[in-house]
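Student: Just final_6.cif, nothing more (mmCIF, C-alpha atoms and all ligand atoms):
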data_coords
loop_
_atom_site.label_atom_id
_atom_site.label_comp_id
_atom_site.auth_asym_id
_atom_site.auth_seq_id
_atom_site.Cartn_x
_atom_site.Cartn_y
_atom_site.Cartn_z
CA MET A 1 30.19 -98.75 7.49
CA SER A 2 32.25 -101.72 6.48
CA GLY A 3 35.80 -102.04 5.20
CA CYS A 4 39.13 -101.02 6.46
CA ILE A 5 39.91 -98.37 9.06
CA LYS A 6 42.95 -96.64 7.62
CA GLY A 7 43.41 -93.88 10.13
CA SER A 8 41.87 -91.73 12.82
CA LYS A 9 39.37 -90.12 10.40
CA ASP A 10 37.84 -93.53 9.56
CA TYR A 11 37.83 -94.43 13.26
CA VAL A 12 35.86 -91.27 14.11
CA GLN A 13 33.48 -91.72 11.17
CA TYR A 14 32.83 -95.34 12.13
CA GLY A 15 32.21 -94.32 15.76
CA MET A 16 29.78 -91.63 14.62
CA GLU A 17 27.88 -94.20 12.52
CA MET A 18 27.63 -96.46 15.55
CA TYR A 19 25.34 -93.87 17.21
CA LYS A 20 22.64 -94.77 14.75
CA THR A 21 22.60 -98.34 16.02
CA GLY A 22 22.20 -97.09 19.60
CA CYS A 23 25.08 -99.33 20.74
CA LYS A 24 27.10 -98.33 23.79
CA LEU A 25 30.15 -100.33 22.78
CA PHE A 26 31.70 -101.18 19.42
CA CYS A 27 34.75 -103.02 18.19
CA ILE A 28 37.32 -102.22 15.52
CA TRP A 29 40.23 -104.36 14.41
CA LEU A 30 43.80 -103.14 14.25
CA GLY A 31 45.20 -105.92 12.07
CA PRO A 32 44.53 -109.11 14.06
CA ASN A 33 43.95 -107.19 17.32
CA PRO A 34 40.48 -106.17 18.49
CA VAL A 35 39.97 -102.75 20.08
CA VAL A 36 36.85 -102.42 22.21
CA CYS A 37 35.52 -98.85 22.07
CA VAL A 38 33.36 -97.40 24.81
CA ASN A 39 30.97 -95.00 23.19
CA HIS A 40 28.48 -93.98 25.86
CA PRO A 41 28.48 -92.55 29.43
CA ASP A 42 26.82 -95.72 30.77
CA THR A 43 29.64 -98.01 29.63
CA PHE A 44 32.27 -95.37 30.44
CA LYS A 45 30.89 -95.19 33.99
CA GLN A 46 31.14 -98.98 34.36
CA LEU A 47 34.71 -98.89 33.11
CA ILE A 48 36.10 -95.86 34.94
CA GLY A 49 33.75 -95.64 37.91
CA GLU A 50 34.55 -99.19 38.95
CA GLY A 51 38.28 -98.78 38.24
CA LEU A 52 38.26 -101.83 35.95
CA LEU A 53 41.40 -100.89 34.10
CA ILE A 54 43.79 -99.92 36.84
CA SER A 55 46.35 -102.71 36.57
CA ASP A 56 49.12 -101.03 38.55
CA GLY A 57 46.64 -99.95 41.26
CA TRP A 58 48.76 -99.64 44.38
CA LYS A 59 51.74 -98.03 42.63
CA TRP A 60 49.53 -95.48 40.88
CA GLU A 61 47.59 -94.79 44.07
CA ARG A 62 50.76 -94.07 46.05
CA ILE A 63 52.17 -91.72 43.40
CA ARG A 64 48.83 -89.97 42.87
CA LYS A 65 48.60 -89.32 46.63
CA LEU A 66 52.12 -87.88 46.68
CA LEU A 67 51.37 -85.67 43.65
CA THR A 68 48.06 -84.28 44.91
CA PRO A 69 49.56 -81.49 47.11
CA ALA A 70 51.34 -80.12 44.03
CA PHE A 71 47.92 -79.24 42.60
CA HIS A 72 46.46 -77.67 45.73
CA PHE A 73 44.56 -74.44 45.13
CA SER A 74 47.12 -72.38 47.11
CA ILE A 75 50.04 -73.75 45.09
CA LEU A 76 48.24 -73.09 41.78
CA THR A 77 47.56 -69.49 42.80
CA GLY A 78 51.33 -68.98 42.89
CA TYR A 79 51.48 -69.75 39.15
CA VAL A 80 49.09 -66.99 38.07
CA ASP A 81 51.97 -64.51 37.59
CA ILE A 82 53.87 -66.97 35.41
CA MET A 83 50.75 -67.55 33.29
CA ASN A 84 50.21 -63.80 32.89
CA SER A 85 53.75 -63.18 31.82
CA ALA A 86 53.85 -66.14 29.36
CA SER A 87 50.62 -64.80 27.90
CA ASP A 88 52.19 -61.31 27.49
CA ASP A 89 55.16 -62.82 25.65
CA PHE A 90 52.72 -64.77 23.45
CA GLN A 91 50.89 -61.57 22.52
CA GLU A 92 54.16 -59.86 21.61
CA LYS A 93 54.95 -62.79 19.28
CA VAL A 94 51.49 -62.43 17.74
CA ILE A 95 52.13 -58.71 17.10
CA GLU A 96 55.51 -59.56 15.56
CA ASN A 97 53.79 -62.05 13.20
CA MET A 98 51.07 -59.52 12.36
CA SER A 99 53.64 -57.04 11.08
CA ALA A 100 54.07 -59.35 8.07
CA SER A 101 50.37 -60.22 7.70
CA PRO A 102 47.22 -60.17 9.84
CA LEU A 103 46.79 -63.85 8.91
CA VAL A 104 48.52 -65.80 11.66
CA ASP A 105 48.89 -69.53 12.35
CA ILE A 106 48.43 -69.43 16.09
CA TYR A 107 49.19 -73.09 16.86
CA PRO A 108 53.02 -72.90 17.02
CA LEU A 109 52.86 -69.67 19.02
CA VAL A 110 50.40 -71.07 21.54
CA SER A 111 52.38 -74.29 21.86
CA ARG A 112 55.52 -72.44 22.87
CA MET A 113 53.59 -70.32 25.33
CA THR A 114 52.23 -73.36 27.20
CA LEU A 115 55.69 -74.96 27.14
CA ASP A 116 57.22 -71.82 28.69
CA THR A 117 54.56 -71.90 31.40
CA MET A 118 55.14 -75.58 32.18
CA MET A 119 58.92 -75.22 32.35
CA LYS A 120 58.65 -72.34 34.79
CA CYS A 121 55.98 -74.00 36.94
CA SER A 122 57.58 -77.44 37.06
CA LEU A 123 61.30 -76.62 37.22
CA SER A 124 61.48 -72.82 37.71
CA PHE A 125 63.41 -72.90 34.45
CA ASP A 126 63.09 -69.99 32.07
CA GLY A 127 63.25 -71.80 28.72
CA SER A 128 62.15 -68.69 26.80
CA MET A 129 60.67 -70.89 24.09
CA GLN A 130 58.78 -67.94 22.71
CA ALA A 131 61.87 -65.79 22.42
CA LYS A 132 63.71 -68.61 20.64
CA MET A 133 61.14 -69.16 17.91
CA ASN A 134 63.79 -70.15 15.42
CA GLU A 135 65.45 -72.72 17.61
CA GLU A 136 64.47 -76.21 16.59
CA TYR A 137 61.53 -77.04 18.81
CA VAL A 138 62.37 -80.72 19.24
CA LYS A 139 65.91 -79.87 20.32
CA ALA A 140 64.58 -77.51 22.93
CA VAL A 141 62.14 -80.09 24.31
CA GLN A 142 64.90 -82.72 24.45
CA ARG A 143 66.94 -80.32 26.54
CA MET A 144 64.16 -80.50 29.13
CA GLY A 145 64.97 -84.16 29.78
CA THR A 146 68.67 -83.54 30.36
CA LEU A 147 67.90 -80.54 32.56
CA LEU A 148 66.21 -82.72 35.12
CA ARG A 149 68.87 -85.43 35.03
CA GLU A 150 71.55 -82.79 35.65
CA HIS A 151 69.49 -81.10 38.33
CA PRO A 152 70.64 -81.08 41.96
CA LEU A 153 67.56 -82.76 43.39
CA GLU A 154 66.85 -80.76 46.50
CA VAL A 155 64.04 -78.49 47.58
CA GLY A 156 64.58 -74.85 46.65
CA HIS A 157 66.91 -75.92 43.85
CA SER A 158 66.57 -72.66 42.01
CA ASP A 159 68.10 -69.61 43.69
CA GLY A 160 66.14 -66.50 44.45
CA LYS A 161 62.61 -67.75 43.66
CA ARG A 162 59.69 -66.89 45.88
CA ARG A 163 57.39 -69.88 45.31
CA LEU A 164 57.64 -73.64 45.23
CA ASP A 165 57.58 -75.33 41.84
CA PHE A 166 56.27 -78.85 41.10
CA LEU A 167 59.74 -80.31 41.53
CA ASP A 168 60.08 -78.84 45.04
CA ILE A 169 56.77 -80.39 46.02
CA LEU A 170 57.64 -83.79 44.57
CA LEU A 171 60.97 -83.70 46.41
CA SER A 172 59.35 -83.00 49.76
CA ALA A 173 56.40 -85.42 49.34
CA LYS A 174 56.35 -88.37 51.78
CA ASP A 175 53.87 -91.21 52.23
CA GLU A 176 52.63 -92.60 55.59
CA GLN A 177 55.82 -94.68 55.93
CA GLY A 178 57.92 -91.56 55.39
CA ARG A 179 58.99 -92.74 51.92
CA GLY A 180 59.27 -90.19 49.13
CA LEU A 181 59.51 -90.60 45.37
CA ASP A 182 62.76 -92.00 44.02
CA ARG A 183 64.75 -90.21 41.34
CA GLN A 184 63.23 -92.22 38.48
CA GLU A 185 59.69 -91.62 39.74
CA ILE A 186 60.35 -87.89 39.97
CA GLN A 187 61.82 -87.87 36.45
CA ASP A 188 58.74 -89.75 35.14
CA GLU A 189 56.28 -87.42 36.83
CA VAL A 190 57.97 -84.20 35.72
CA ASP A 191 58.08 -85.62 32.16
CA THR A 192 54.37 -86.42 32.38
CA PHE A 193 53.45 -82.91 33.57
CA THR A 194 55.59 -81.22 31.03
CA PHE A 195 54.53 -83.18 28.00
CA GLU A 196 50.90 -83.99 28.88
CA GLY A 197 50.39 -80.55 30.39
CA HIS A 198 51.67 -78.29 27.63
CA ASP A 199 50.44 -80.04 24.46
CA THR A 200 46.91 -80.60 25.75
CA THR A 201 46.50 -77.02 26.95
CA ALA A 202 47.97 -75.74 23.67
CA SER A 203 45.40 -77.73 21.71
CA ALA A 204 42.54 -76.32 23.81
CA LEU A 205 43.77 -72.73 23.57
CA ALA A 206 44.55 -72.82 19.85
CA TRP A 207 41.10 -74.25 18.99
CA GLY A 208 39.58 -71.80 21.46
CA ILE A 209 41.14 -68.83 19.61
CA TYR A 210 40.21 -70.32 16.23
CA ALA A 211 36.55 -70.74 17.34
CA LEU A 212 36.37 -67.05 18.34
CA GLY A 213 36.83 -66.22 14.66
CA GLN A 214 34.21 -68.73 13.57
CA TYR A 215 31.46 -67.43 15.87
CA PRO A 216 31.54 -63.60 16.05
CA ASP A 217 28.45 -63.32 18.29
CA ILE A 218 29.98 -65.71 20.78
CA GLN A 219 33.30 -63.85 20.58
CA GLU A 220 31.45 -60.68 21.56
CA LYS A 221 30.16 -62.38 24.73
CA VAL A 222 33.65 -63.67 25.58
CA TYR A 223 35.02 -60.14 25.03
CA GLU A 224 32.33 -58.54 27.21
CA ASP A 225 33.14 -60.98 30.03
CA ALA A 226 36.90 -60.35 29.73
CA LYS A 227 36.34 -56.58 29.64
CA SER A 228 34.07 -56.59 32.66
CA VAL A 229 36.46 -58.66 34.80
CA VAL A 230 39.91 -57.59 33.58
CA GLY A 231 39.05 -54.18 32.09
CA SER A 232 42.12 -52.05 31.57
CA LYS A 233 44.25 -53.99 34.08
CA LYS A 234 47.39 -55.45 32.63
CA HIS A 235 47.11 -58.74 34.51
CA VAL A 236 44.44 -61.24 35.49
CA ASP A 237 44.51 -61.55 39.31
CA PRO A 238 43.90 -64.84 41.15
CA GLY A 239 40.55 -63.43 42.39
CA ASP A 240 39.45 -62.78 38.78
CA LEU A 241 39.55 -66.49 37.98
CA HIS A 242 36.25 -66.99 39.83
CA ALA A 243 34.64 -63.80 38.55
CA PHE A 244 34.35 -64.76 34.88
CA LYS A 245 30.81 -65.76 33.89
CA TYR A 246 30.84 -66.56 30.17
CA ILE A 247 34.50 -67.56 29.66
CA PRO A 248 34.16 -70.77 31.76
CA ILE A 249 31.22 -72.04 29.68
CA TYR A 250 33.01 -71.00 26.49
CA ILE A 251 36.03 -73.08 27.57
CA LYS A 252 33.76 -76.05 28.38
CA GLU A 253 32.24 -75.92 24.91
CA VAL A 254 35.74 -75.75 23.35
CA LEU A 255 36.73 -78.81 25.40
CA ARG A 256 33.59 -80.65 24.27
CA TYR A 257 33.57 -79.64 20.61
CA TYR A 258 37.31 -80.01 19.88
CA THR A 259 38.21 -82.47 22.71
CA PRO A 260 42.02 -81.90 23.10
CA VAL A 261 42.57 -85.52 24.26
CA PRO A 262 40.37 -87.35 21.73
CA VAL A 263 40.82 -90.88 23.04
CA ILE A 264 42.18 -92.66 26.09
CA SER A 265 43.39 -96.25 25.84
CA ARG A 266 44.11 -99.03 28.27
CA LYS A 267 44.96 -102.73 28.18
CA SER A 268 42.56 -104.71 30.34
CA PRO A 269 44.63 -106.60 32.96
CA ASN A 270 41.99 -109.29 33.47
CA THR A 271 38.60 -110.34 32.14
CA ILE A 272 36.13 -107.50 32.38
CA VAL A 273 32.41 -107.41 31.67
CA LEU A 274 30.99 -104.36 29.94
CA ASP A 275 27.35 -104.02 28.98
CA GLY A 276 26.98 -107.78 29.48
CA LEU A 277 29.89 -108.60 27.15
CA GLU A 278 32.95 -110.46 28.40
CA ILE A 279 36.23 -108.86 27.31
CA PRO A 280 39.32 -111.08 27.61
CA PRO A 281 42.53 -110.01 29.42
CA GLY A 282 45.07 -108.13 27.32
CA SER A 283 42.41 -106.53 25.10
CA ARG A 284 42.80 -102.89 24.22
CA VAL A 285 39.91 -100.81 25.46
CA ASP A 286 39.49 -97.27 24.06
CA VAL A 287 37.32 -94.46 25.29
CA PRO A 288 36.99 -92.18 22.24
CA ILE A 289 36.02 -89.08 24.20
CA TYR A 290 35.68 -87.01 21.02
CA ILE A 291 33.06 -89.39 19.67
CA MET A 292 31.17 -89.39 22.97
CA HIS A 293 31.23 -85.57 22.97
CA HIS A 294 29.48 -85.62 19.58
CA ASN A 295 26.94 -88.32 20.36
CA PRO A 296 23.40 -87.06 19.65
CA ALA A 297 22.04 -89.50 22.25
CA ILE A 298 23.80 -87.37 24.90
CA TRP A 299 24.02 -83.90 23.34
CA LYS A 300 21.31 -81.87 21.66
CA ASN A 301 22.54 -80.88 18.17
CA PRO A 302 26.14 -81.83 19.01
CA GLU A 303 27.54 -80.25 15.85
CA ASP A 304 26.34 -76.80 16.93
CA PHE A 305 28.97 -74.81 18.84
CA ARG A 306 26.88 -73.39 21.70
CA PRO A 307 28.50 -72.54 25.09
CA GLU A 308 25.04 -71.84 26.57
CA ARG A 309 24.44 -75.59 26.70
CA PHE A 310 26.65 -75.47 29.83
CA SER A 311 24.77 -72.66 31.53
CA ASP A 312 23.11 -73.53 34.83
CA LYS A 313 19.61 -73.54 33.39
CA GLN A 314 20.48 -76.24 30.89
CA LYS A 315 22.55 -78.57 33.04
CA VAL A 316 20.30 -81.53 32.27
CA GLU A 317 21.74 -81.82 28.78
CA HIS A 318 24.83 -83.70 29.84
CA GLU A 319 25.93 -85.82 32.73
CA VAL A 320 29.19 -86.36 34.54
CA PHE A 321 30.38 -89.26 32.41
CA GLY A 322 29.08 -87.76 29.14
CA PHE A 323 31.40 -84.73 29.38
CA ALA A 324 34.88 -85.99 30.05
CA PRO A 325 37.60 -83.79 28.48
CA PHE A 326 39.76 -84.56 31.53
CA SER A 327 38.56 -88.18 31.75
CA ALA A 328 36.63 -89.08 34.93
CA GLY A 329 36.81 -91.08 38.13
CA SER A 330 39.87 -91.46 40.32
CA ARG A 331 42.25 -91.47 37.37
CA ASN A 332 41.08 -88.17 35.91
CA CYS A 333 43.44 -85.36 34.95
CA ILE A 334 45.26 -84.10 38.00
CA GLY A 335 46.20 -80.90 36.14
CA GLN A 336 42.71 -79.78 35.17
CA VAL A 337 42.52 -76.72 37.45
CA PHE A 338 46.01 -75.69 36.36
CA ALA A 339 44.88 -75.99 32.72
CA LEU A 340 41.61 -74.10 33.30
CA ASN A 341 43.49 -71.27 35.04
CA GLU A 342 45.91 -70.99 32.14
CA LEU A 343 43.07 -71.08 29.60
CA LYS A 344 41.05 -68.39 31.41
CA ILE A 345 44.05 -66.08 31.78
CA SER A 346 45.35 -66.40 28.25
CA LEU A 347 41.93 -66.28 26.55
CA ALA A 348 40.72 -63.26 28.54
CA LYS A 349 43.92 -61.34 27.85
CA PHE A 350 43.93 -62.32 24.19
CA VAL A 351 40.34 -61.33 23.44
CA ASN A 352 40.81 -58.09 25.39
CA ARG A 353 43.53 -57.09 22.97
CA PHE A 354 42.65 -58.76 19.66
CA GLU A 355 39.57 -59.21 17.55
CA VAL A 356 39.64 -62.58 15.80
CA ARG A 357 38.15 -63.14 12.34
CA PRO A 358 38.25 -66.20 10.14
CA ASP A 359 40.92 -66.50 7.48
CA PRO A 360 38.73 -67.06 4.39
CA GLY A 361 41.46 -69.05 2.62
CA HIS A 362 42.07 -71.49 5.48
CA LYS A 363 40.40 -74.78 6.32
CA PRO A 364 41.68 -76.77 9.30
CA ASP A 365 42.26 -80.47 8.71
CA MET A 366 41.47 -82.02 12.07
CA LEU A 367 43.71 -84.91 13.12
CA TRP A 368 42.91 -87.09 16.12
CA ASP A 369 46.41 -87.87 17.29
CA MET A 370 47.53 -88.10 20.95
CA ILE A 371 45.92 -84.67 20.99
CA THR A 372 43.50 -83.03 18.57
CA ARG A 373 45.43 -80.84 16.14
CA SER A 374 45.14 -79.60 12.57
CA THR A 375 47.55 -80.76 9.87
CA THR A 376 47.09 -77.41 8.08
CA GLY A 377 47.68 -75.30 11.19
CA LEU A 378 45.10 -73.01 12.75
CA LYS A 379 45.09 -69.70 10.92
CA VAL A 380 43.07 -66.70 11.97
CA CYS A 381 42.87 -63.09 10.87
CA LEU A 382 43.74 -60.72 13.72
CA LYS A 383 43.18 -57.06 14.39
CA GLU A 384 44.32 -55.18 17.49
CA ARG A 385 41.21 -53.71 19.08
CA SER A 386 42.80 -50.27 19.46
CA ASN A 387 43.83 -50.36 15.81
CA ARG A 388 41.29 -49.71 13.06
CA ARG A 389 43.25 -51.67 10.41
CA GLN A 390 40.87 -54.19 8.81
CA CYS A 391 41.74 -57.73 7.76
C1 LIG B 1 43.22 -78.75 28.48
C2 LIG B 1 44.24 -79.38 29.03
C3 LIG B 1 44.24 -80.82 29.46
C4 LIG B 1 43.45 -81.85 29.06
C5 LIG B 1 42.31 -81.83 28.04
C6 LIG B 1 43.89 -83.04 29.78
C7 LIG B 1 43.30 -84.30 29.66
C8 LIG B 1 43.70 -85.41 30.37
C9 LIG B 1 43.09 -86.71 30.25
C10 LIG B 1 41.92 -87.06 29.32
C11 LIG B 1 43.74 -87.54 31.12
C12 LIG B 1 43.48 -89.04 31.32
C13 LIG B 1 44.45 -89.79 30.41
C14 LIG B 1 44.30 -91.29 30.52
O1 LIG B 1 43.59 -91.80 31.37
O2 LIG B 1 44.95 -91.96 29.69
C15 LIG B 1 44.78 -86.77 31.77
C16 LIG B 1 45.66 -87.27 32.72
C17 LIG B 1 46.68 -86.55 33.30
N1 LIG B 1 46.95 -85.21 33.11
FE1 LIG B 1 45.88 -83.93 31.95
N2 LIG B 1 44.94 -82.69 30.59
C18 LIG B 1 45.18 -81.35 30.44
C19 LIG B 1 46.15 -80.60 31.10
C20 LIG B 1 47.03 -81.10 32.04
C21 LIG B 1 48.02 -80.31 32.75
C22 LIG B 1 48.20 -78.79 32.59
C23 LIG B 1 48.73 -81.16 33.54
C24 LIG B 1 49.87 -80.87 34.49
C25 LIG B 1 50.15 -79.69 34.95
C26 LIG B 1 48.18 -82.50 33.33
C27 LIG B 1 48.64 -83.63 33.96
C28 LIG B 1 48.05 -84.88 33.86
C29 LIG B 1 48.52 -86.05 34.57
C30 LIG B 1 49.72 -86.12 35.52
C31 LIG B 1 47.66 -87.10 34.21
C32 LIG B 1 47.71 -88.57 34.73
C33 LIG B 1 46.81 -88.67 35.94
C34 LIG B 1 46.75 -90.08 36.57
O3 LIG B 1 46.93 -91.07 35.86
O4 LIG B 1 46.51 -90.14 37.79
N3 LIG B 1 47.16 -82.41 32.42
N4 LIG B 1 44.73 -85.46 31.31
#
Mind turning the file's structure into structure tokens?
Ligand code: HEM
Tutor:
Amino acid sequence: MSGCIKGSKDYVQYGMEMYKTGCKLFCIWLGPNPVVCVNHPDTFKQLIGEGLLISDGWKWERIRKLLTPAFHFSILTGYVDIMNSASDDFQEKVIENMSASPLVDIYPLVSRMTLDTMMKCSLSFDGSMQAKMNEEYVKAVQRMGTLLREHPLEVGHSDGKRRLDFLDILLSAKDEQGRGLDRQEIQDEVDTFTFEGHDTTASALAWGIYALGQYPDIQEKVYEDAKSVVGSKKHVDPGDLHAFKYIPIYIKEVLRYYTPVPVISRKSPNTIVLDGLEIPPGSRVDVPIYIMHHNPAIWKNPEDFRPERFSDKQKVEHEVFGFAPFSAGSRNCIGQVFALNELKISLAKFVNRFEVRPDPGHKPDMLWDMITRSTTGLKVCLKERSNRRQC
């Protein structure tokens, strides 16, 4: 393909065409600026595995170390109740929307659910984003920023709560010299969790619900798994998170096929050599994860949606650096277990209650932005399983 790359669609199409040449690296131009794109696990491994792009190494390393306890298994278990209750509120909103029509755009509803979860887990703040559907979303998110600035920054800041939130853990974190995070660092990290954490998970969950409608046989398997683990219980228990069999591979295929974070970008701090090519300092280096997830040199029939490709028997199909929805190496997503817990809980509860069918009049228009979304929303046709009303 030659000519001008006008937007993310051209970028993806160009990347897809690059497969045919077998290249592991390609270059596009953004005006006068070259962007080097890493297209293959081999080059991705060189880049990430060797930490070539960590310019602020020591600062990042210190903060990452201080953040790690906030994502410990035992801390994350404490958030299961919050995730269950945000998911219940989400379902009530879905029912409210269904009273007008069974055709529902799930994206805005899901997005508010993940924001509610993040606000409660990071600041113990009940933003009730789902209850305030009519409040301007942007205004509500902006309020998040001021909340933290106005916050008395001390552990146990919120009265009457039984568990520690992310802010508590950041406030008590100390490095070997006994130094903690300063106010600005705490503000930056809570901002990162809140904004990276809710939008990315919303993208995964919304596409995950949409895909249920596209593949009825697969939906049946997801439903059977949810039914066998959760059954008639109202909540998903922490122990259930390890009992699911099909839902984890379904989520993996959603993360591959739709890739919520489609590309990661860095500026190279110094000269780096990739696949024998010298890349000068200051160059932008992209890893278009979406393109790598659809590369036929790595994935068999990548355009087929097939969770079974992740089953134990077929593990050979991909390798660590070929499947990277959460990036890879030391700078991978610190919130991935949090996100997977939230996805398992909300998907299992959703499919236990609703049957999803495609909306015949709707076609998503995929946009590879900071996250993968659809400019036309993500509409599905829903039916409550206990209710015989057809779409
Ligand atoms: C399905 C959901 C999610 C996906 C697909 C995802 C994906 C990613 C990716 C690809 C990166 C690397 C970005 C880069 O190198 O530029 C990243 C980093 C990060 N993510 Fe996530 N993420 C998700 C959920 C979350 C959640 C729920 C949280 C917090 C609770 C979170 C917190 C972070 C943080 C703090 C980083 C920076 C890590 C570092 O630089 O050390 N993410 N995520």
Student: List all protein, DNA and RNA residues that have any atom at most 7 Å from ligand LIG 1 (chain B), counting only C-alpha atoms and all ligand atoms, and write the list as JSON, numbers by chain.
Tutor: {"A": [60, 64, 189, 192, 193, 194, 196, 197, 198, 200, 201, 204, 255, 259, 260, 261, 264, 265, 325, 326, 327, 331, 332, 333, 334, 335, 336, 338, 339, 340]}
Student: Find the residues near Asp182 of chain A: any atom within 12 Å, counting all atoms listed in the file, skip ones fewer than 5 places away on the same chain, and give them as a list in words.
Tutor: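 The contact residues come out as Ile63, Leu66, Leu153, Leu170, Leu171, Ser172, Ala173, Lys174, Gln187, Asp188 and Glu189 of chain A.
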Student: Please indicate the distance in Å from atom CA of Arg373 of chain A to atom CA of Ser203 of chain A, rounded to one decimal place.
Tutor: 6.4 Å
Student: Expressed in Å to a single decimal, how great is the separation between atom CA of Lys120 of chain A and atom CA of Ile169 of chain A?
Tutor: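 Atom CA of Ile169 of chain A lies at a distance of 13.9 Å from atom CA of Lys120 of chain A.
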Student: Can you list, as an NGL selection string, every protein, DNA or RNA residue that comes within 9 Å of Met16 of chain A when you count all atoms listed in the file, leaving out same-chain residues fewer than 3 positions away?
Tutor: :A and (11-13 or 19-20 or 291-292 or 294-295)
